[in-house]
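> You'll find upload.cif just under this line, and it carries mmCIF, C-alpha atoms.
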data_upload
#
loop_
_atom_site.label_atom_id
_atom_site.label_comp_id
_atom_site.auth_asym_id
_atom_site.auth_seq_id
_atom_site.Cartn_x
_atom_site.Cartn_y
_atom_site.Cartn_z
CA MET V 124 10.86 -27.66 12.24
CA THR V 125 9.73 -27.49 8.62
CA THR V 126 7.08 -29.88 7.34
CA THR V 127 7.83 -30.75 3.72
CA VAL V 128 5.27 -32.44 1.49
CA SER V 129 5.26 -33.43 -2.16
CA GLY V 130 2.61 -32.05 -4.45
CA LEU V 131 -1.06 -31.42 -3.94
CA ASP V 132 -1.72 -34.87 -2.50
CA GLY V 133 0.95 -34.25 0.12
CA LEU V 134 -0.74 -31.00 1.04
CA LYS V 135 -4.13 -32.73 1.26
CA SER V 136 -2.66 -35.24 3.71
CA LEU V 137 -2.02 -32.42 6.21
CA VAL V 138 -5.68 -31.49 6.88
CA GLY V 139 -6.14 -31.19 10.63
CA LYS V 140 -2.39 -31.24 11.29
CA ASP V 141 -0.69 -28.81 13.64
CA LEU V 142 2.47 -27.59 11.91
CA GLY V 143 4.10 -26.48 15.15
CA TYR V 144 5.98 -23.26 15.80
CA SER V 145 8.39 -21.09 13.87
CA GLU V 146 11.55 -19.72 15.38
CA TRP V 147 11.28 -16.50 17.39
CA LEU V 148 11.70 -13.23 15.48
CA GLU V 149 12.62 -9.98 17.25
CA ILE V 150 10.68 -6.88 16.28
CA THR V 151 13.18 -4.03 15.96
CA GLN V 152 12.57 -0.31 15.69
CA GLU V 153 14.40 -0.38 12.36
CA ARG V 154 11.88 -2.92 11.00
CA VAL V 155 8.96 -0.81 12.29
CA ASN V 156 10.42 2.35 10.74
CA THR V 157 11.05 0.60 7.41
CA PHE V 158 7.44 -0.63 7.36
CA ALA V 159 6.24 2.89 8.20
CA ASP V 160 8.26 4.27 5.28
CA ALA V 161 6.94 1.58 2.91
CA THR V 162 3.30 2.18 3.84
CA GLY V 163 3.30 5.87 4.72
CA ASP V 164 1.92 5.05 8.19
CA HIS V 165 4.08 7.15 10.50
CA GLN V 166 1.72 7.28 13.46
CA TRP V 167 3.66 8.31 16.57
CA ILE V 168 2.82 5.12 18.49
CA HIS V 169 5.05 3.28 15.99
CA VAL V 170 7.88 5.66 15.10
CA ASP V 171 8.25 8.35 17.77
CA VAL V 172 10.16 6.45 20.45
CA GLU V 173 10.19 9.25 23.04
CA ARG V 174 6.52 10.11 22.69
CA ALA V 175 5.56 6.41 22.66
CA LYS V 176 7.34 5.90 25.99
CA ALA V 177 4.69 8.12 27.55
CA GLY V 178 1.91 6.42 25.58
CA PRO V 179 -0.40 3.57 26.59
CA PHE V 180 2.12 0.78 25.90
CA GLY V 181 5.24 2.31 27.46
CA GLY V 182 7.07 2.36 24.15
CA PRO V 183 6.60 2.01 20.41
CA ILE V 184 4.62 -0.89 19.00
CA ALA V 185 4.65 -2.64 15.64
CA HIS V 186 1.94 -1.90 13.13
CA GLY V 187 -0.71 -4.61 13.12
CA TYR V 188 -0.20 -5.07 9.40
CA LEU V 189 3.55 -5.42 9.92
CA THR V 190 2.83 -8.27 12.32
CA LEU V 191 0.49 -9.81 9.75
CA SER V 192 3.03 -9.43 6.93
CA LEU V 193 5.63 -11.29 8.95
CA VAL V 194 3.56 -14.47 8.86
CA ILE V 195 4.87 -14.94 5.30
CA PRO V 196 8.51 -15.68 6.18
CA LEU V 197 7.51 -17.39 9.44
CA PHE V 198 5.06 -19.67 7.59
CA GLY V 199 7.68 -20.48 4.98
CA ALA V 200 9.76 -21.95 7.78
CA LEU V 201 6.84 -24.18 8.84
CA LEU V 202 5.63 -25.61 5.52
CA GLN V 203 7.26 -26.34 2.18
CA VAL V 204 5.26 -27.84 -0.68
CA GLU V 205 7.54 -29.34 -3.30
CA GLY V 206 6.60 -30.41 -6.80
CA ILE V 207 4.10 -27.65 -7.53
CA THR V 208 4.28 -24.92 -10.15
CA MET V 209 2.96 -22.11 -8.02
CA GLY V 210 1.54 -21.14 -4.66
CA VAL V 211 -0.27 -17.82 -4.19
CA ASN V 212 -1.88 -15.91 -1.37
CA TYR V 213 -5.62 -15.96 -2.12
CA GLY V 214 -6.76 -13.81 0.80
CA LEU V 215 -7.88 -13.85 4.39
CA GLU V 216 -11.12 -15.03 5.92
CA LYS V 217 -10.45 -13.17 9.16
CA VAL V 218 -7.75 -11.26 11.00
CA ARG V 219 -7.68 -9.90 14.53
CA PHE V 220 -4.97 -8.13 16.54
CA PRO V 221 -5.82 -8.95 20.20
CA SER V 222 -2.57 -7.61 21.65
CA PRO V 223 0.15 -5.15 20.54
CA VAL V 224 3.73 -6.14 19.80
CA ARG V 225 6.17 -3.83 21.54
CA VAL V 226 9.43 -3.02 19.83
CA GLY V 227 12.04 -5.40 21.24
CA ALA V 228 9.55 -8.23 21.71
CA ARG V 229 9.91 -11.54 19.95
CA ILE V 230 7.11 -13.21 18.01
CA ARG V 231 6.58 -16.65 16.53
CA LEU V 232 3.92 -18.31 14.39
CA SER V 233 1.92 -21.45 14.98
CA ALA V 234 -0.18 -22.90 12.18
CA THR V 235 -2.80 -25.59 11.67
CA VAL V 236 -4.09 -26.86 8.33
CA VAL V 237 -7.87 -26.36 8.37
CA SER V 238 -8.83 -27.56 4.88
CA VAL V 239 -7.51 -28.37 1.42
CA GLU V 240 -10.09 -28.43 -1.37
CA GLU V 241 -9.89 -28.91 -5.14
CA VAL V 242 -10.21 -25.83 -7.37
CA ALA V 243 -10.38 -25.44 -11.13
CA GLY V 244 -7.10 -25.28 -13.00
CA ASN V 245 -5.43 -28.34 -11.43
CA GLY V 246 -5.05 -26.80 -8.01
CA VAL V 247 -6.18 -26.75 -4.43
CA GLN V 248 -7.31 -24.05 -2.05
CA SER V 249 -5.84 -24.46 1.41
CA THR V 250 -7.01 -22.71 4.56
CA PHE V 251 -4.93 -22.38 7.73
CA ASP V 252 -5.33 -21.09 11.26
CA PHE V 253 -2.42 -18.83 12.21
CA THR V 254 -1.58 -17.53 15.65
CA VAL V 255 1.22 -15.02 16.17
CA GLU V 256 2.45 -15.31 19.75
CA VAL V 257 4.44 -12.76 21.70
CA GLU V 258 7.11 -14.27 23.91
CA GLY V 259 6.06 -14.05 27.56
CA SER V 260 2.48 -12.96 26.79
CA SER V 261 -0.63 -15.06 27.31
CA LYS V 262 -2.51 -13.10 24.64
CA PRO V 263 -1.69 -13.50 20.92
CA ALA V 264 -0.65 -10.54 18.81
CA CYS V 265 -2.54 -11.76 15.76
CA VAL V 266 -4.94 -14.54 14.83
CA ALA V 267 -5.71 -15.05 11.17
CA ARG V 268 -7.30 -17.50 8.76
CA PRO V 269 -5.40 -17.14 5.47
CA VAL V 270 -6.31 -18.88 2.23
CA TYR V 271 -3.74 -20.01 -0.34
CA ARG V 272 -3.98 -21.59 -3.75
CA HIS V 273 -1.44 -24.16 -4.92
CA TYR V 274 -1.19 -25.44 -8.49
CA ALA V 275 0.40 -28.61 -9.86
#
For the structure just supplied, provide its representation as C-alpha cells.


Amino acid sequence: MTTTVSGLDGLKSLVGKDLGYSEWLEITQERVNTFADATGDHQWIHVDVERAKAGPFGGPIAHGYLTLSLVIPLFGALLQVEGITMGVNYGLEKVRFPSPVRVGARIRLSATVVSVEEVAGNGVQSTFDFTVEVEGSSKPACVARPVYRHYA
C-alpha cells in the first residue's frame, strides 16, 4: 500500500514510520542478463546458467547492484510525495548484501523513515532504512540506508 503525503511537511510527519512492504517482484534471468549487458558485468555466476548450476548457489544469482537498483521502483510503490518540485537520490550511508538472490526468487522492499532534516535551498534531506527480503528466506538480500533530497 502506498503512503502519500503532501509536501515537505507531510514528509516530515513520517519520521519513525514503517512504510510497510512493496509487492513481490520476481528476478528473471532476462533481467539479470540485461543488467549484465548494461554494466559489463558478465561474471558466470550471473549469466552462465549451466555453469552456475554447479556453483555454490545451485544456479545463477542476481548481481548485488541489480538488487540495490530495484529498490527504486519498489520504493516508489511505498511512498509518494506530492506537491514538491523535485526529489533526488543523494547517496547511501551504508549497503550490505547478506544473502544472494537466486534467479526465479521473488523479492520485496520494506522501508522505515529514519529522519527528515532541513537543507539549504528550500528542501529536506530524508534518510530511510531499506530491507530487501527474499521470499521464503530468513536472511535479507540487501539492507541499505539511502539518503534523498526533496525540494518544495

> Could you list, as a PyMOL selection string, every residue matched by the PyMOL selection byres ((chain V and resi 220) around 8) in this structure?

chain V and resi 187+218-219+221-223+263-266

> Report the distance between atom CA of Ser260 of chain V and atom CA of Ala228 of chain V in Å, rounded to one decimal place.

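Interatomic distance, atom CA of Ser260 of chain V to atom CA of Ala228 of chain V: 9.9 Å.
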
> Do you know which residues are at most 7 Å from Thr127 of chain V counting only C-alpha atoms, after dropping those on the same chain fewer than 4 positions away, and could you put them as a ChimeraX atom specification?

/V:202-204

> Generate the output file for the selected residues, C-alpha atoms, as a PDB file, in the frame of the given file.


ATOM      1  CA  LEU V 202       5.630 -25.610   5.520  1.00  0.00           C
ATOM      2  CA  GLN V 203       7.260 -26.340   2.180  1.00  0.00           C
ATOM      3  CA  VAL V 204       5.260 -27.840  -0.680  1.00  0.00           C
TER       4      VAL V 204
END

> Select, counting all atoms listed in the file, all protein, DNA and RNA residues no farther than 6 Å from (8.0, -1.4, 15.8) in file coordinates, and express the selection as a list of chain:residue names.

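In the file's frame, the residues around the point are V:Thr151, V:Gln152, V:Val155, V:His169, V:Pro183, V:Ile184, V:Ala185, V:Val226.
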
> Please dump the current selection as a compact mmCIF listing (two decimals), in the frame of the given file; keep C-alpha atoms.


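The result, stored in out_3.txt:
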# COMPACT_ATOMS: atom_id res chain seq x y z
CA THR V 151 13.18 -4.03 15.96
CA GLN V 152 12.57 -0.31 15.69
CA VAL V 155 8.96 -0.81 12.29
CA HIS V 169 5.05 3.28 15.99
CA PRO V 183 6.60 2.01 20.41
CA ILE V 184 4.62 -0.89 19.00
CA ALA V 185 4.65 -2.64 15.64
CA VAL V 226 9.43 -3.02 19.83

> Which residue, V:Ala159, V:Leu142, V:Val170, V:Leu197, has the smallest gap to Ile230 of chain V when you use only C-alpha atoms?

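Comparing V:Ala159, V:Leu142, V:Val170, V:Leu197 against Ile230 of chain V, the winner is V:Leu197.
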
> Nearest to Gly214 of chain V: which of V:Met124, V:Gln166, V:Thr250, V:Tyr274 is it, counting only C-alpha atoms?

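Ranking V:Met124, V:Gln166, V:Thr250, V:Tyr274 by distance to Gly214 of chain V, first place goes to V:Thr250.
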
> Starting from the sparse input, extend segment 217-241 of chain V to N, CA, C and O atoms and give the output as a PDB file, in the coordinates of the input.


ATOM      1  N   LYS V 217     -10.340 -14.054   8.002  1.00  0.00           N
ATOM      2  CA  LYS V 217     -10.450 -13.170   9.160  1.00  0.00           C
ATOM      3  C   LYS V 217      -9.064 -12.845   9.685  1.00  0.00           C
ATOM      4  O   LYS V 217      -8.127 -13.611   9.507  1.00  0.00           O
ATOM      5  N   VAL V 218      -8.977 -11.688  10.336  1.00  0.00           N
ATOM      6  CA  VAL V 218      -7.750 -11.260  11.000  1.00  0.00           C
ATOM      7  C   VAL V 218      -8.139 -10.440  12.213  1.00  0.00           C
ATOM      8  O   VAL V 218      -9.018  -9.578  12.130  1.00  0.00           O
ATOM      9  N   ARG V 219      -7.491 -10.709  13.322  1.00  0.00           N
ATOM     10  CA  ARG V 219      -7.680  -9.900  14.530  1.00  0.00           C
ATOM     11  C   ARG V 219      -6.318  -9.651  15.155  1.00  0.00           C
ATOM     12  O   ARG V 219      -5.406 -10.468  15.036  1.00  0.00           O
ATOM     13  N   PHE V 220      -6.205  -8.517  15.846  1.00  0.00           N
ATOM     14  CA  PHE V 220      -4.970  -8.130  16.540  1.00  0.00           C
ATOM     15  C   PHE V 220      -5.294  -7.954  18.030  1.00  0.00           C
ATOM     16  O   PHE V 220      -5.463  -6.822  18.494  1.00  0.00           O
ATOM     17  N   PRO V 221      -5.395  -9.037  18.799  1.00  0.00           N
ATOM     18  CA  PRO V 221      -5.820  -8.950  20.200  1.00  0.00           C
ATOM     19  C   PRO V 221      -4.845  -8.230  21.132  1.00  0.00           C
ATOM     20  O   PRO V 221      -5.252  -7.738  22.182  1.00  0.00           O
ATOM     21  N   SER V 222      -3.559  -8.188  20.750  1.00  0.00           N
ATOM     22  CA  SER V 222      -2.570  -7.610  21.650  1.00  0.00           C
ATOM     23  C   SER V 222      -1.451  -6.955  20.829  1.00  0.00           C
ATOM     24  O   SER V 222      -1.057  -7.490  19.788  1.00  0.00           O
ATOM     25  N   PRO V 223      -0.928  -5.810  21.286  1.00  0.00           N
ATOM     26  CA  PRO V 223       0.150  -5.150  20.540  1.00  0.00           C
ATOM     27  C   PRO V 223       1.478  -5.889  20.689  1.00  0.00           C
ATOM     28  O   PRO V 223       1.684  -6.651  21.635  1.00  0.00           O
ATOM     29  N   VAL V 224       2.365  -5.619  19.741  1.00  0.00           N
ATOM     30  CA  VAL V 224       3.730  -6.140  19.800  1.00  0.00           C
ATOM     31  C   VAL V 224       4.652  -4.961  20.042  1.00  0.00           C
ATOM     32  O   VAL V 224       4.811  -4.095  19.177  1.00  0.00           O
ATOM     33  N   ARG V 225       5.238  -4.912  21.227  1.00  0.00           N
ATOM     34  CA  ARG V 225       6.170  -3.830  21.540  1.00  0.00           C
ATOM     35  C   ARG V 225       7.486  -4.034  20.829  1.00  0.00           C
ATOM     36  O   ARG V 225       7.940  -5.161  20.643  1.00  0.00           O
ATOM     37  N   VAL V 226       8.097  -2.945  20.420  1.00  0.00           N
ATOM     38  CA  VAL V 226       9.430  -3.020  19.830  1.00  0.00           C
ATOM     39  C   VAL V 226      10.351  -3.682  20.853  1.00  0.00           C
ATOM     40  O   VAL V 226      10.317  -3.369  22.044  1.00  0.00           O
ATOM     41  N   GLY V 227      11.149  -4.624  20.381  1.00  0.00           N
ATOM     42  CA  GLY V 227      12.040  -5.400  21.240  1.00  0.00           C
ATOM     43  C   GLY V 227      11.473  -6.758  21.608  1.00  0.00           C
ATOM     44  O   GLY V 227      12.210  -7.638  22.050  1.00  0.00           O
ATOM     45  N   ALA V 228      10.167  -6.937  21.417  1.00  0.00           N
ATOM     46  CA  ALA V 228       9.550  -8.230  21.710  1.00  0.00           C
ATOM     47  C   ALA V 228       9.892  -9.231  20.612  1.00  0.00           C
ATOM     48  O   ALA V 228      10.297  -8.862  19.506  1.00  0.00           O
ATOM     49  N   ARG V 229       9.703 -10.489  20.947  1.00  0.00           N
ATOM     50  CA  ARG V 229       9.910 -11.540  19.950  1.00  0.00           C
ATOM     51  C   ARG V 229       8.567 -12.233  19.689  1.00  0.00           C
ATOM     52  O   ARG V 229       7.795 -12.468  20.617  1.00  0.00           O
ATOM     53  N   ILE V 230       8.339 -12.540  18.408  1.00  0.00           N
ATOM     54  CA  ILE V 230       7.110 -13.210  18.010  1.00  0.00           C
ATOM     55  C   ILE V 230       7.451 -14.536  17.327  1.00  0.00           C
ATOM     56  O   ILE V 230       8.569 -14.741  16.848  1.00  0.00           O
ATOM     57  N   ARG V 231       6.455 -15.421  17.302  1.00  0.00           N
ATOM     58  CA  ARG V 231       6.580 -16.650  16.530  1.00  0.00           C
ATOM     59  C   ARG V 231       5.191 -17.027  16.023  1.00  0.00           C
ATOM     60  O   ARG V 231       4.171 -16.545  16.539  1.00  0.00           O
ATOM     61  N   LEU V 232       5.161 -17.895  15.027  1.00  0.00           N
ATOM     62  CA  LEU V 232       3.920 -18.310  14.390  1.00  0.00           C
ATOM     63  C   LEU V 232       3.633 -19.768  14.678  1.00  0.00           C
ATOM     64  O   LEU V 232       4.546 -20.598  14.605  1.00  0.00           O
ATOM     65  N   SER V 233       2.379 -20.066  14.991  1.00  0.00           N
ATOM     66  CA  SER V 233       1.920 -21.450  14.980  1.00  0.00           C
ATOM     67  C   SER V 233       0.849 -21.552  13.904  1.00  0.00           C
ATOM     68  O   SER V 233       0.144 -20.579  13.612  1.00  0.00           O
ATOM     69  N   ALA V 234       0.747 -22.727  13.289  1.00  0.00           N
ATOM     70  CA  ALA V 234      -0.180 -22.900  12.180  1.00  0.00           C
ATOM     71  C   ALA V 234      -0.802 -24.283  12.210  1.00  0.00           C
ATOM     72  O   ALA V 234      -0.142 -25.258  12.568  1.00  0.00           O
ATOM     73  N   THR V 235      -2.072 -24.336  11.816  1.00  0.00           N
ATOM     74  CA  THR V 235      -2.800 -25.590  11.670  1.00  0.00           C
ATOM     75  C   THR V 235      -3.461 -25.583  10.296  1.00  0.00           C
ATOM     76  O   THR V 235      -3.993 -24.560   9.860  1.00  0.00           O
ATOM     77  N   VAL V 236      -3.440 -26.726   9.627  1.00  0.00           N
ATOM     78  CA  VAL V 236      -4.090 -26.860   8.330  1.00  0.00           C
ATOM     79  C   VAL V 236      -5.566 -27.151   8.566  1.00  0.00           C
ATOM     80  O   VAL V 236      -5.921 -28.175   9.137  1.00  0.00           O
ATOM     81  N   VAL V 237      -6.428 -26.236   8.153  1.00  0.00           N
ATOM     82  CA  VAL V 237      -7.870 -26.360   8.370  1.00  0.00           C
ATOM     83  C   VAL V 237      -8.516 -27.189   7.261  1.00  0.00           C
ATOM     84  O   VAL V 237      -9.287 -28.113   7.523  1.00  0.00           O
ATOM     85  N   SER V 238      -8.211 -26.842   5.992  1.00  0.00           N
ATOM     86  CA  SER V 238      -8.830 -27.560   4.880  1.00  0.00           C
ATOM     87  C   SER V 238      -7.963 -27.438   3.634  1.00  0.00           C
ATOM     88  O   SER V 238      -7.176 -26.504   3.506  1.00  0.00           O
ATOM     89  N   VAL V 239      -8.136 -28.404   2.743  1.00  0.00           N
ATOM     90  CA  VAL V 239      -7.510 -28.370   1.420  1.00  0.00           C
ATOM     91  C   VAL V 239      -8.550 -28.924   0.455  1.00  0.00           C
ATOM     92  O   VAL V 239      -8.939 -30.084   0.558  1.00  0.00           O
ATOM     93  N   GLU V 240      -9.001 -28.065  -0.466  1.00  0.00           N
ATOM     94  CA  GLU V 240     -10.090 -28.430  -1.370  1.00  0.00           C
ATOM     95  C   GLU V 240      -9.685 -28.188  -2.820  1.00  0.00           C
ATOM     96  O   GLU V 240      -8.976 -27.223  -3.115  1.00  0.00           O
ATOM     97  N   GLU V 241     -10.169 -29.032  -3.712  1.00  0.00           N
ATOM     98  CA  GLU V 241      -9.890 -28.910  -5.140  1.00  0.00           C
ATOM     99  C   GLU V 241     -10.453 -27.598  -5.695  1.00  0.00           C
ATOM    100  O   GLU V 241     -11.532 -27.156  -5.275  1.00  0.00           O
TER     101      GLU V 241
END
